[in-house]
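Data from data15.cif: mmCIF, C-alpha atoms
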```cif
data_my_file
loop_
_atom_site.label_atom_id
_atom_site.label_comp_id
_atom_site.auth_asym_id
_atom_site.auth_seq_id
_atom_site.Cartn_x
_atom_site.Cartn_y
_atom_site.Cartn_z
CA MET A 1 191.28 163.63 72.19
CA THR A 2 192.61 160.19 71.40
CA PRO A 3 194.60 159.57 68.22
CA THR A 4 191.75 157.51 66.75
CA SER A 5 188.98 159.98 67.47
CA PRO A 6 186.93 161.25 64.57
CA GLY A 7 187.47 164.78 63.41
CA SER A 8 191.23 164.44 63.38
CA PRO A 9 191.90 163.16 59.87
CA ALA A 10 195.66 163.58 60.18
CA THR A 11 195.72 160.77 62.74
CA ALA A 12 192.87 158.64 61.35
CA PRO A 13 193.44 154.91 61.85
CA VAL A 14 194.76 152.96 58.90
CA GLY A 15 192.92 149.91 57.59
CA ARG A 16 189.28 149.63 56.65
CA PRO A 17 187.67 153.05 56.57
CA ARG A 18 184.76 153.71 58.90
CA SER A 19 181.69 152.67 56.99
CA GLY A 20 179.35 155.16 58.65
CA GLY A 21 181.42 158.27 58.88
CA ARG A 22 178.66 159.81 60.92
CA GLN A 23 179.89 162.06 63.66
CA ARG A 24 178.71 161.15 67.14
CA PRO A 25 179.15 163.11 70.36
CA GLY A 26 182.06 162.18 72.57
CA GLY A 27 185.74 162.45 71.92
CA THR A 28 186.45 158.75 72.29
CA PRO A 29 185.35 155.60 70.46
CA ARG A 30 183.95 154.38 73.77
CA GLU A 31 181.64 157.41 73.99
CA GLU A 32 180.61 157.06 70.35
CA ILE A 33 179.71 153.40 70.92
CA LEU A 34 177.65 154.31 74.01
CA ASP A 35 175.84 157.03 72.07
CA ALA A 36 174.99 154.65 69.21
CA ALA A 37 173.81 151.97 71.67
CA ALA A 38 171.62 154.54 73.47
CA GLU A 39 170.07 155.63 70.18
CA LEU A 40 169.33 152.09 69.02
CA PHE A 41 168.13 150.79 72.42
CA THR A 42 165.67 153.69 72.76
CA SER A 43 164.50 153.84 69.13
CA ARG A 44 164.56 150.18 67.97
CA GLY A 45 164.37 148.50 71.35
CA TYR A 46 166.97 146.61 73.36
CA ALA A 47 166.06 143.08 72.29
CA ALA A 48 165.89 144.09 68.61
CA THR A 49 169.38 145.65 68.65
CA SER A 50 172.57 143.63 68.12
CA THR A 51 176.17 144.67 68.84
CA ARG A 52 176.67 144.36 65.07
CA MET A 53 174.06 147.08 64.48
CA ILE A 54 175.73 149.28 67.09
CA ALA A 55 179.14 148.81 65.46
CA ASP A 56 177.61 149.62 62.06
CA ALA A 57 176.00 152.78 63.45
CA VAL A 58 179.39 153.98 64.70
CA GLY A 59 181.12 152.87 61.53
CA ILE A 60 183.52 150.41 63.18
CA ARG A 61 183.92 146.65 63.04
CA GLN A 62 182.16 144.48 65.60
CA ALA A 63 185.56 143.27 66.81
CA SER A 64 186.52 146.86 67.59
CA LEU A 65 183.36 147.26 69.65
CA TYR A 66 184.28 144.16 71.67
CA TYR A 67 187.64 145.76 72.42
CA HIS A 68 185.73 148.38 74.46
CA PHE A 69 182.68 146.45 75.72
CA THR A 70 182.36 142.73 76.36
CA SER A 71 178.63 142.50 75.63
CA LYS A 72 175.37 144.28 74.88
CA GLU A 73 174.52 143.87 78.59
CA GLU A 74 177.62 145.81 79.57
CA LEU A 75 176.57 148.65 77.26
CA LEU A 76 173.10 148.77 78.82
CA ALA A 77 174.52 148.61 82.36
CA GLU A 78 176.86 151.52 81.60
CA LEU A 79 174.03 153.61 80.09
CA LEU A 80 171.72 152.89 83.04
CA ALA A 81 174.47 153.82 85.52
CA GLY A 82 174.73 157.21 83.82
CA THR A 83 171.09 157.96 84.73
CA VAL A 84 171.58 157.54 88.51
CA ARG A 85 175.27 158.07 89.32
CA PRO A 86 175.35 161.87 88.82
CA SER A 87 172.33 162.30 91.13
CA LEU A 88 173.89 159.94 93.69
CA GLY A 89 177.02 162.10 93.68
CA PHE A 90 174.91 165.24 94.02
CA ALA A 91 173.01 163.73 96.97
CA ALA A 92 176.33 162.91 98.65
CA SER A 93 177.54 166.49 98.14
CA LEU A 94 174.43 167.74 100.00
CA ASP A 95 175.58 165.80 103.06
CA HIS A 96 178.70 167.93 103.44
CA GLU A 97 177.78 170.84 105.67
CA PRO A 98 179.33 174.11 104.52
CA SER A 99 182.40 175.26 106.48
CA VAL A 100 180.98 178.78 106.59
CA GLY A 101 177.36 179.90 106.74
CA GLN A 102 174.18 178.10 107.71
CA PRO A 103 173.67 174.44 106.85
CA LEU A 104 171.02 173.95 104.17
CA PRO A 105 167.58 173.03 105.58
CA ALA A 106 166.19 169.61 104.60
CA GLU A 107 163.51 171.12 102.36
CA ALA A 108 166.12 173.06 100.37
CA LYS A 109 168.17 169.87 99.98
CA LEU A 110 165.15 167.89 98.77
CA PHE A 111 164.27 170.68 96.35
CA ALA A 112 167.84 170.76 95.02
CA LEU A 113 168.11 166.97 94.67
CA ALA A 114 164.75 166.62 92.88
CA ALA A 115 165.62 169.47 90.50
CA TYR A 116 169.08 168.05 89.77
CA ASP A 117 167.76 164.50 89.29
CA THR A 118 164.99 165.72 86.96
CA GLY A 119 167.66 167.54 84.95
CA VAL A 120 169.70 164.34 84.64
CA LEU A 121 166.68 162.32 83.45
CA CYS A 122 165.72 165.06 80.95
CA GLY A 123 169.30 165.58 79.84
CA GLY A 124 171.44 163.63 77.40
CA ARG A 125 170.45 162.94 73.84
CA TRP A 126 168.39 159.80 74.51
CA ASN A 127 165.62 159.01 76.96
CA LEU A 128 167.54 156.30 78.80
CA GLY A 129 165.10 156.12 81.71
CA ALA A 130 162.69 154.44 79.29
CA LEU A 131 164.95 151.39 79.59
CA TYR A 132 164.26 150.99 83.34
CA LEU A 133 161.15 148.91 82.65
CA LEU A 134 162.84 146.40 80.33
CA PRO A 135 162.32 142.85 81.59
CA GLU A 136 166.05 142.27 81.06
CA VAL A 137 166.89 144.88 83.74
CA ARG A 138 165.33 142.61 86.37
CA GLY A 139 168.12 140.07 85.75
CA ASP A 140 171.31 139.46 87.80
CA ARG A 141 173.48 141.33 85.34
CA PHE A 142 171.82 144.61 86.36
CA GLU A 143 171.85 144.12 90.11
CA HIS A 144 174.48 146.82 90.50
CA PHE A 145 172.28 149.35 88.68
CA ARG A 146 169.28 148.41 90.79
CA LYS A 147 171.43 148.80 93.93
CA GLU A 148 172.57 152.29 92.89
CA ARG A 149 169.01 153.33 92.07
CA ALA A 150 167.91 152.01 95.49
CA GLU A 151 170.67 154.12 97.10
CA LEU A 152 169.33 157.19 95.34
CA ARG A 153 165.86 156.37 96.63
CA THR A 154 167.34 156.09 100.14
CA ALA A 155 168.87 159.56 99.77
CA TYR A 156 165.37 160.90 99.04
CA ALA A 157 163.91 158.93 101.97
CA THR A 158 166.49 160.37 104.38
CA LEU A 159 165.70 163.94 103.34
CA ILE A 160 161.95 163.28 103.49
CA SER A 161 162.19 161.80 107.00
CA GLY A 162 163.77 165.09 108.10
CA LEU A 163 160.69 166.95 106.85
CA THR A 164 157.93 164.83 108.32
CA GLU A 165 156.82 164.11 111.85
CA PRO A 166 158.24 161.04 113.60
CA GLY A 167 156.10 158.03 112.78
CA ALA A 168 155.02 159.44 109.40
CA ALA A 169 154.94 156.98 106.51
CA THR A 170 158.27 158.13 105.05
CA ASP A 171 158.51 155.12 102.78
CA ASP A 172 155.09 155.76 101.22
CA LEU A 173 155.93 159.42 100.67
CA THR A 174 159.25 158.45 99.12
CA ASP A 175 157.36 156.27 96.60
CA LEU A 176 155.39 159.33 95.51
CA VAL A 177 158.35 161.75 95.40
CA PHE A 178 160.68 159.32 93.59
CA GLY A 179 157.83 158.45 91.21
CA LEU A 180 157.10 162.10 90.47
CA VAL A 181 160.73 162.76 89.54
CA GLU A 182 160.88 159.70 87.28
CA SER A 183 157.58 160.61 85.62
CA VAL A 184 159.55 162.97 83.36
CA ILE A 185 160.73 159.81 81.59
CA THR A 186 157.20 159.17 80.30
CA ILE A 187 156.65 162.84 79.40
CA ARG A 188 159.91 162.80 77.46
CA SER A 189 158.82 159.69 75.56
CA GLU A 190 155.84 161.66 74.23
CA ARG A 191 157.26 165.10 73.51
CA GLU A 192 160.50 167.03 73.65
CA ILE A 193 161.01 168.81 76.96
CA VAL A 194 162.19 172.15 75.61
CA ASP A 195 162.82 174.01 78.87
CA VAL A 196 164.52 171.47 81.12
CA ASP A 197 165.23 174.01 83.88
CA ALA A 198 161.56 175.01 84.11
CA MET A 199 160.55 171.33 84.22
CA ALA A 200 163.12 170.67 86.96
CA LEU A 201 161.73 173.51 89.11
CA ARG A 202 158.15 172.34 88.54
CA VAL A 203 158.92 168.76 89.54
CA ALA A 204 160.98 169.86 92.57
CA SER A 205 158.14 172.14 93.72
CA GLY A 206 155.69 169.26 93.26
CA CYS A 207 157.90 167.03 95.44
CA LEU A 208 157.79 169.59 98.27
CA ARG A 209 154.00 169.90 97.94
CA LEU A 210 153.74 166.11 98.24
CA VAL A 211 155.75 166.24 101.46
CA GLY A 212 153.55 169.03 102.83
CA VAL A 213 155.94 172.01 102.71
CA PRO A 214 153.83 175.22 102.76
CA ALA A 215 153.38 177.02 99.42
CA ALA A 216 155.10 180.22 100.56
CA ARG A 217 158.31 178.35 101.45
CA ILE A 218 158.24 176.54 98.08
CA SER A 219 157.90 179.87 96.25
CA ALA A 220 160.92 181.18 98.16
CA LEU A 221 162.98 178.14 97.13
CA GLN A 222 161.90 178.54 93.49
CA ALA A 223 162.84 182.20 93.53
CA GLY A 224 166.27 181.44 94.99
CA HIS A 225 167.10 178.64 92.58
CA MET B 226 130.89 129.71 78.14
CA THR B 227 131.79 128.80 74.59
CA PRO B 228 131.81 125.15 73.50
CA THR B 229 135.60 125.20 73.14
CA SER B 230 136.38 126.80 76.49
CA PRO B 231 138.67 124.92 78.86
CA GLY B 232 137.21 123.34 81.92
CA SER B 233 134.36 121.72 80.01
CA PRO B 234 135.85 118.39 78.95
CA ALA B 235 132.54 117.06 77.66
CA THR B 236 132.67 119.63 74.87
CA ALA B 237 136.44 119.75 74.35
CA PRO B 238 137.44 120.24 70.71
CA VAL B 239 138.46 117.16 68.82
CA GLY B 240 141.80 116.96 67.05
CA ARG B 241 145.22 117.75 68.46
CA PRO B 242 145.03 118.06 72.23
CA ARG B 243 146.11 121.32 73.82
CA SER B 244 149.82 120.97 74.37
CA GLY B 245 149.97 123.23 77.40
CA GLY B 246 146.90 122.29 79.29
CA ARG B 247 147.62 125.18 81.67
CA GLN B 248 144.54 126.93 82.88
CA ARG B 249 144.49 130.66 82.24
CA PRO B 250 142.02 133.22 83.53
CA GLY B 251 139.13 134.12 81.29
CA GLY B 252 136.30 131.95 80.12
CA THR B 253 137.06 132.32 76.42
CA PRO B 254 140.01 131.39 74.19
CA ARG B 255 140.31 135.08 73.36
CA GLU B 256 140.84 135.98 77.01
CA GLU B 257 143.31 133.14 77.47
CA ILE B 258 145.33 134.35 74.48
CA LEU B 259 145.37 137.91 75.84
CA ASP B 260 146.52 136.66 79.23
CA ALA B 261 149.34 134.62 77.69
CA ALA B 262 150.40 137.57 75.52
CA ALA B 263 150.39 139.87 78.56
CA GLU B 264 152.56 137.44 80.51
CA LEU B 265 155.09 137.01 77.71
CA PHE B 266 155.23 140.70 76.71
CA THR B 267 155.89 141.77 80.31
CA SER B 268 158.26 138.94 81.28
CA ARG B 269 160.20 138.17 78.04
CA GLY B 270 159.67 141.48 76.28
CA TYR B 271 157.49 142.38 73.30
CA ALA B 272 160.14 142.10 70.57
CA ALA B 273 161.36 138.76 71.91
CA THR B 274 157.86 137.22 71.89
CA SER B 275 156.30 135.59 68.81
CA THR B 276 152.67 134.68 68.20
CA ARG B 277 153.92 131.09 68.09
CA MET B 278 155.18 131.38 71.68
CA ILE B 279 151.84 132.86 72.72
CA ALA B 280 149.91 130.03 71.07
CA ASP B 281 152.22 127.49 72.77
CA ALA B 282 151.65 129.14 76.15
CA VAL B 283 147.88 128.77 75.72
CA GLY B 284 148.22 125.28 74.31
CA ILE B 285 146.61 126.02 70.95
CA ARG B 286 147.89 126.05 67.38
CA GLN B 287 149.17 129.29 65.90
CA ALA B 288 146.40 129.11 63.28
CA SER B 289 143.83 129.11 66.08
CA LEU B 290 145.41 132.24 67.54
CA TYR B 291 145.10 133.96 64.15
CA TYR B 292 141.41 133.12 64.14
CA HIS B 293 141.05 135.53 67.09
CA PHE B 294 143.81 138.09 66.48
CA THR B 295 145.34 139.12 63.18
CA SER B 296 148.77 140.01 64.57
CA LYS B 297 151.01 140.52 67.58
CA GLU B 298 150.35 144.28 67.20
CA GLU B 299 146.61 143.71 67.60
CA LEU B 300 147.24 141.81 70.82
CA LEU B 301 149.40 144.63 72.20
CA ALA B 302 146.85 147.27 71.13
CA GLU B 303 144.07 145.35 72.89
CA LEU B 304 146.12 144.97 76.08
CA LEU B 305 147.07 148.65 76.09
CA ALA B 306 143.44 149.69 75.55
CA GLY B 307 142.53 147.74 78.69
CA THR B 308 144.79 150.00 80.77
CA VAL B 309 143.02 153.26 79.83
CA ARG B 310 139.47 152.42 78.71
CA PRO B 311 138.04 151.60 82.16
CA SER B 312 139.37 154.90 83.57
CA LEU B 313 138.01 156.80 80.55
CA GLY B 314 134.59 155.31 81.22
CA PHE B 315 134.88 156.20 84.90
CA ALA B 316 135.84 159.80 84.03
CA ALA B 317 132.78 160.03 81.75
CA SER B 318 130.53 158.76 84.54
CA LEU B 319 131.78 161.60 86.78
CA ASP B 320 130.39 164.08 84.26
CA HIS B 321 126.82 162.97 84.86
CA GLU B 322 125.44 165.11 87.66
CA PRO B 323 123.28 163.16 90.10
CA SER B 324 119.51 163.62 89.69
CA VAL B 325 119.18 163.96 93.46
CA GLY B 326 121.61 165.47 95.96
CA GLN B 327 124.56 167.80 95.53
CA PRO B 328 126.82 167.55 92.49
CA LEU B 329 130.28 166.23 93.40
CA PRO B 330 132.88 169.02 93.84
CA ALA B 331 135.84 168.98 91.42
CA GLU B 332 138.31 167.92 94.11
CA ALA B 333 136.19 164.87 94.98
CA LYS B 334 136.01 163.96 91.29
CA LEU B 335 139.78 164.28 90.85
CA PHE B 336 140.32 162.20 93.99
CA ALA B 337 137.95 159.52 92.72
CA LEU B 338 139.44 159.43 89.21
CA ALA B 339 143.04 159.23 90.45
CA ALA B 340 142.14 156.45 92.91
CA TYR B 341 140.20 154.50 90.26
CA ASP B 342 142.94 154.91 87.63
CA THR B 343 145.65 153.84 90.10
CA GLY B 344 143.56 150.76 90.85
CA VAL B 345 143.34 149.92 87.14
CA LEU B 346 147.12 150.26 86.67
CA CYS B 347 147.80 148.17 89.79
CA GLY B 348 145.13 145.62 88.89
CA GLY B 349 145.17 142.71 86.50
CA ARG B 350 147.74 139.93 86.62
CA TRP B 351 150.42 141.67 84.57
CA ASN B 352 152.01 145.12 84.74
CA LEU B 353 150.81 146.23 81.31
CA GLY B 354 151.67 149.89 81.87
CA ALA B 355 155.32 148.85 81.57
CA LEU B 356 154.60 148.46 77.84
CA TYR B 357 153.80 152.18 77.40
CA LEU B 358 157.47 153.01 76.87
CA LEU B 359 158.09 150.43 74.12
CA PRO B 360 159.46 152.12 70.99
CA GLU B 361 156.88 150.14 68.99
CA VAL B 362 154.02 152.01 70.73
CA ARG B 363 155.15 155.23 69.06
CA GLY B 364 154.17 153.73 65.67
CA ASP B 365 151.01 154.34 63.63
CA ARG B 366 149.47 151.04 64.66
CA PHE B 367 149.06 152.37 68.21
CA GLU B 368 147.69 155.80 67.41
CA HIS B 369 144.27 154.82 68.72
CA PHE B 370 145.75 153.86 72.09
CA ARG B 371 147.73 157.10 72.27
CA LYS B 372 144.54 159.02 71.45
CA GLU B 373 142.58 157.30 74.24
CA ARG B 374 145.40 157.92 76.71
CA ALA B 375 145.42 161.61 75.65
CA GLU B 376 141.64 161.74 76.27
CA LEU B 377 142.19 160.40 79.76
CA ARG B 378 144.83 163.09 80.33
CA THR B 379 142.30 165.69 79.12
CA ALA B 380 139.78 164.40 81.67
CA TYR B 381 142.37 165.07 84.40
CA ALA B 382 143.16 168.50 82.92
CA THR B 383 139.49 169.50 82.95
CA LEU B 384 139.09 168.56 86.61
CA ILE B 385 142.35 170.30 87.53
CA SER B 386 141.33 173.51 85.75
CA GLY B 387 138.24 173.56 87.98
CA LEU B 388 140.49 173.52 91.05
CA THR B 389 143.00 176.21 90.11
CA GLU B 390 142.76 179.91 89.57
CA PRO B 391 142.13 181.19 86.03
CA GLY B 392 145.44 181.60 84.24
CA ALA B 393 147.13 178.87 86.30
CA ALA B 394 149.40 176.50 84.41
CA THR B 395 146.84 173.69 84.22
CA ASP B 396 148.80 171.80 81.61
CA ASP B 397 151.96 171.74 83.74
CA LEU B 398 149.99 170.57 86.77
CA THR B 399 148.33 167.87 84.67
CA ASP B 400 151.79 166.57 83.73
CA LEU B 401 152.58 166.12 87.41
CA VAL B 402 149.22 164.59 88.39
CA PHE B 403 149.08 162.20 85.42
CA GLY B 404 152.73 161.30 86.03
CA LEU B 405 152.13 160.60 89.72
CA VAL B 406 149.27 158.19 88.92
CA GLU B 407 151.34 156.36 86.29
CA SER B 408 154.33 156.14 88.64
CA VAL B 409 152.69 153.07 90.20
CA ILE B 410 153.76 151.25 87.02
CA THR B 411 157.42 151.61 88.01
CA ILE B 412 156.72 150.70 91.63
CA ARG B 413 154.90 147.58 90.46
CA SER B 414 157.82 146.59 88.25
CA GLU B 415 159.99 146.44 91.39
CA ARG B 416 157.72 144.89 94.01
CA GLU B 417 154.23 143.51 94.41
CA ILE B 418 151.71 146.14 95.50
CA VAL B 419 149.93 144.12 98.17
CA ASP B 420 147.31 146.66 99.29
CA VAL B 421 146.05 148.22 96.06
CA ASP B 422 143.30 150.21 97.81
CA ALA B 423 145.77 151.84 100.18
CA MET B 424 148.07 152.69 97.28
CA ALA B 425 145.14 154.19 95.34
CA LEU B 426 144.20 156.44 98.29
CA ARG B 427 147.85 157.49 98.75
CA VAL B 428 148.26 158.41 95.10
CA ALA B 429 144.91 160.21 94.95
CA SER B 430 145.80 162.21 98.07
CA GLY B 431 149.16 163.06 96.51
CA CYS B 432 147.40 164.32 93.38
CA LEU B 433 145.28 166.72 95.46
CA ARG B 434 148.37 167.94 97.34
CA LEU B 435 150.02 168.65 93.98
CA VAL B 436 147.01 170.74 92.95
CA GLY B 437 147.08 172.65 96.26
CA VAL B 438 143.96 171.29 97.99
CA PRO B 439 144.34 171.91 101.76
CA ALA B 440 145.33 168.92 103.90
CA ALA B 441 142.14 168.96 105.98
CA ARG B 442 139.94 168.61 102.90
CA ILE B 443 142.12 165.75 101.61
CA SER B 444 141.77 163.92 104.94
CA ALA B 445 137.99 164.30 104.69
CA LEU B 446 138.00 162.78 101.20
CA GLN B 447 140.21 159.89 102.35
CA ALA B 448 137.90 159.20 105.29
CA GLY B 449 134.83 159.21 103.03
CA HIS B 450 136.29 156.90 100.40
#
```
Starting from the coordinates I provided, produce the structure as structure tokens.
Amino acid sequence: MTPTSPGSPATAPVGRPRSGGRQRPGGTPREEILDAAAELFTSRGYAATSTRMIADAVGIRQASLYYHFTSKEELLAELLAGTVRPSLGFAASLDHEPSVGQPLPAEAKLFALAAYDTGVLCGGRWNLGALYLLPEVRGDRFEHFRKERAELRTAYATLISGLTEPGAATDDLTDLVFGLVESVITIRSEREIVDVDAMALRVASGCLRLVGVPAARISALQAGH
Amino acid sequence: MTPTSPGSPATAPVGRPRSGGRQRPGGTPREEILDAAAELFTSRGYAATSTRMIADAVGIRQASLYYHFTSKEELLAELLAGTVRPSLGFAASLDHEPSVGQPLPAEAKLFALAAYDTGVLCGGRWNLGALYLLPEVRGDRFEHFRKERAELRTAYATLISGLTEPGAATDDLTDLVFGLVESVITIRSEREIVDVDAMALRVASGCLRLVGVPAARISALQAGH
């Protein structure tokens, strides 16, 4: 906990009191600012939100916000990164073969990655995946995010190519699998996904059906998860 | 053709000339306005677009725009309706059993609906499905669109329930199938879908795999399409 974090009145900063006083998740001002930006971007819209509104929602001055983030774009880039980076790390961890025991078969890896990724997109307080389709995200400022998302797609493609016959249209199948995982973004925009684990297993099973894994092997993976 | 339509200089309206002079698809001013709105909403963003900008893009006065549409919301509602209404009509047509010959089996109907719907989402000049996730669309003004989209989802659910055993989780499967079809919206936001027919067949085949239709029967449907 930093000295200026909320919930520690003994070390509250001097000067102008926080106008909001609302408690946001995250132990640091940086995390509180990101949470407020995520709320406003997903509920009001990105274009309709100013850094001033974000600062107001946290209860800090705009100048204090600029101490942590240089621009609204940087806030969006950071929030978008949080939707792909955990899954990228998880995909990388699947590459490390265990030092003892059998290596995981490709279908188990694909099942695990799809379930994990679905959990990331369903998790967090705000439906950040809904920001993927913003026209702004097509701009240069978000090239790094697009590159990381493309890397995640490549991780799926690699696993899928290990499950299909040589010469199969891996890229076309990857479109469908990647699209099925991200479809939880639209579901979440319509209703709360109460049981995220069940949704993750459903989507992961659907991904294996798309790739042609037999139903009995999918049931076994579901049971073992 | 209306007297004021572009491309008929002999009957061009008197008064201030059209500032843009750019030719837009559609034989009527109404269609030109919708096309301009679709372009601006998908490229600049909905919140960042004004009716003034739309009028400028068509080359008409703002007052002329208001003769056809009462608000920016009405333009968005009309554009959104165009992404679901054709598929709703197609789903209804599948309900009519042919007067001669065999009725279509449920799997052929689901294949046809998914392929048609994918074609609608991939078609048109602008990726209008990208507007589904706008926070504005959750408002009262767009309840009619949400209702029509829910009806389309119900059409999928009805076909899927005819393909699964009684007691199967039809609603969960419908999430996946509906999500897979709409995933072309995200693909289209990243790259041009050159062969729409091939994409439609791929998505429709994926939908049947999700529902558990055997591969041989899917191949037969693809071959017959």
**Asked** Looking at all atoms listed in the file, which of A:Ala114, A:Ala200, A:Ala57, A:Ile193 is the one that sits closest to Val177 of chain A?
**Response**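 Smallest separation from Val177 of chain A among the options: A:Ala114.
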**Request:** Please identify all polymer residues within 9 Å of segment 33-41 of chain A, counting all atoms listed in the file, omitting same-chain residues fewer than 5 positions from it, and present them as a VMD selection string.
**Result:** (chain A and resid 24 to 26 28 46 to 49 51 53 to 55 57 to 58 65 68 to 69 72 75 to 76 78 to 79 125 to 128 131) or (chain B and resid 360)
**Prompt:** What does the distance from atom CA of Ala81 of chain A to atom CA of Ala130 of chain A come to in Å, to one decimal?
**Reply:** 13.3 Å
For His144 of chain A, list every protein, DNA or RNA residue within 12 Å, evaluated using only C-alpha atoms, and leave out those in the same chain fewer than 2 positions away; present the list as an mmCIF file with C-alpha atoms, keeping the file's coordinate frame.
```cif
data_model
loop_
_atom_site.group_PDB
_atom_site.id
_atom_site.type_symbol
_atom_site.label_atom_id
_atom_site.label_comp_id
_atom_site.auth_asym_id
_atom_site.auth_seq_id
_atom_site.Cartn_x
_atom_site.Cartn_y
_atom_site.Cartn_z
ATOM 1 C CA GLU A 74 177.620 145.810 79.570
ATOM 2 C CA LEU A 76 173.100 148.770 78.820
ATOM 3 C CA ALA A 77 174.520 148.610 82.360
ATOM 4 C CA GLU A 78 176.860 151.520 81.600
ATOM 5 C CA LEU A 80 171.720 152.890 83.040
ATOM 6 C CA ALA A 81 174.470 153.820 85.520
ATOM 7 C CA VAL A 84 171.580 157.540 88.510
ATOM 8 C CA ARG A 85 175.270 158.070 89.320
ATOM 9 C CA VAL A 137 166.890 144.880 83.740
ATOM 10 C CA ARG A 138 165.330 142.610 86.370
ATOM 11 C CA GLY A 139 168.120 140.070 85.750
ATOM 12 C CA ASP A 140 171.310 139.460 87.800
ATOM 13 C CA ARG A 141 173.480 141.330 85.340
ATOM 14 C CA PHE A 142 171.820 144.610 86.360
ATOM 15 C CA ARG A 146 169.280 148.410 90.790
ATOM 16 C CA LYS A 147 171.430 148.800 93.930
ATOM 17 C CA GLU A 148 172.570 152.290 92.890
ATOM 18 C CA ARG A 149 169.010 153.330 92.070
ATOM 19 C CA ALA A 150 167.910 152.010 95.490
ATOM 20 C CA GLU A 151 170.670 154.120 97.100
#
```
If you take every atom of segment 175-188 of chain A that the file lists and fit an axis-aligned box around them with 3 Å extra on each side, what centre and edge lengths come out in Å to one decimal, as JSON?
```
{"center_x": 158.1, "center_y": 159.6, "center_z": 87.0, "size_x": 11.5, "size_y": 12.7, "size_z": 25.1}
```
**Request:** Using all atoms listed in the file, determine which residues lie at most 8 Å from segment 385-387 of chain B, disregarding the query and same-chain residues fewer than 6 positions distant; provide the list as a VMD selection string.
**Result:** chain B and resid 331 335 393 395 398 to 399 436
When the PyMOL selection byres ((chain B) within 10 of (chain A)) is applied to the structure above, which residues does it catch, written out as a CSV table (one decimal) with C-alpha atoms, keeping the file's coordinate frame?
```csv
chain,number,residue,atom,x,y,z
B,266,PHE,CA,155.2,140.7,76.7
B,267,THR,CA,155.9,141.8,80.3
B,268,SER,CA,158.3,138.9,81.3
B,269,ARG,CA,160.2,138.2,78.0
B,270,GLY,CA,159.7,141.5,76.3
B,271,TYR,CA,157.5,142.4,73.3
B,272,ALA,CA,160.1,142.1,70.6
B,273,ALA,CA,161.4,138.8,71.9
B,354,GLY,CA,151.7,149.9,81.9
B,355,ALA,CA,155.3,148.8,81.6
B,356,LEU,CA,154.6,148.5,77.8
B,357,TYR,CA,153.8,152.2,77.4
B,358,LEU,CA,157.5,153.0,76.9
B,359,LEU,CA,158.1,150.4,74.1
B,360,PRO,CA,159.5,152.1,71.0
B,361,GLU,CA,156.9,150.1,69.0
B,363,ARG,CA,155.2,155.2,69.1
B,371,ARG,CA,147.7,157.1,72.3
B,397,ASP,CA,152.0,171.7,83.7
B,398,LEU,CA,150.0,170.6,86.8
B,400,ASP,CA,151.8,166.6,83.7
B,401,LEU,CA,152.6,166.1,87.4
B,402,VAL,CA,149.2,164.6,88.4
B,403,PHE,CA,149.1,162.2,85.4
B,404,GLY,CA,152.7,161.3,86.0
B,405,LEU,CA,152.1,160.6,89.7
B,406,VAL,CA,149.3,158.2,88.9
B,407,GLU,CA,151.3,156.4,86.3
B,408,SER,CA,154.3,156.1,88.6
B,409,VAL,CA,152.7,153.1,90.2
B,410,ILE,CA,153.8,151.2,87.0
B,411,THR,CA,157.4,151.6,88.0
B,412,ILE,CA,156.7,150.7,91.6
B,414,SER,CA,157.8,146.6,88.2
B,415,GLU,CA,160.0,146.4,91.4
B,424,MET,CA,148.1,152.7,97.3
B,427,ARG,CA,147.8,157.5,98.8
B,428,VAL,CA,148.3,158.4,95.1
B,430,SER,CA,145.8,162.2,98.1
B,431,GLY,CA,149.2,163.1,96.5
B,432,CYS,CA,147.4,164.3,93.4
B,433,LEU,CA,145.3,166.7,95.5
B,434,ARG,CA,148.4,167.9,97.3
B,435,LEU,CA,150.0,168.6,94.0
B,436,VAL,CA,147.0,170.7,93.0
B,437,GLY,CA,147.1,172.6,96.3
B,439,PRO,CA,144.3,171.9,101.8
B,440,ALA,CA,145.3,168.9,103.9
```
**Message:** Using Å and a single decimal, report how far atom CA of Arg413 of chain B sits from atom CA of Asp342 of chain B.
**Reply:** 14.3 Å
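Atom CA of Gly344 of chain B is found 7.0 Å from atom CA of Asp422 of chain B.
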**Complete:** Residue with the minimum atom-to-atom distance to Phe145 of chain A, picked from A:Ala223, A:Leu88, A:Cys122, A:Leu201 with only C-alpha atoms counted, is A:Leu88
**Message:** Given only C-alpha atoms as the basis, pick out the residue of B:Pro328, B:Gly284, B:Gly449, B:Gly314 nearest to Ala380 of chain B.
**Reply:**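 Ranking B:Pro328, B:Gly284, B:Gly449, B:Gly314 by distance to Ala380 of chain B, first place goes to B:Gly314.
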**Message:** So, with only C-alpha atoms as the atoms that count, which of A:Leu121, A:Ala169, A:Leu163, A:Ala198 lies closest to Ala108 of chain A?
**Reply:**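 Once distances to Ala108 of chain A are computed over only C-alpha atoms, the minimum belongs to A:Leu163.
Each of A:Ala112, A:Leu159, A:Val196, A:Leu152 was compared to Leu221 of chain A using all atoms listed in the file, and A:Ala112 turns out to be the nearest.
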**Asked** With distances taken over all atoms listed in the file, which of A:Phe90, A:Ser71, A:Leu113, A:Glu32 is nearest to Asp56 of chain A?
**Response**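 Smallest distance to Asp56 of chain A is found for A:Glu32.
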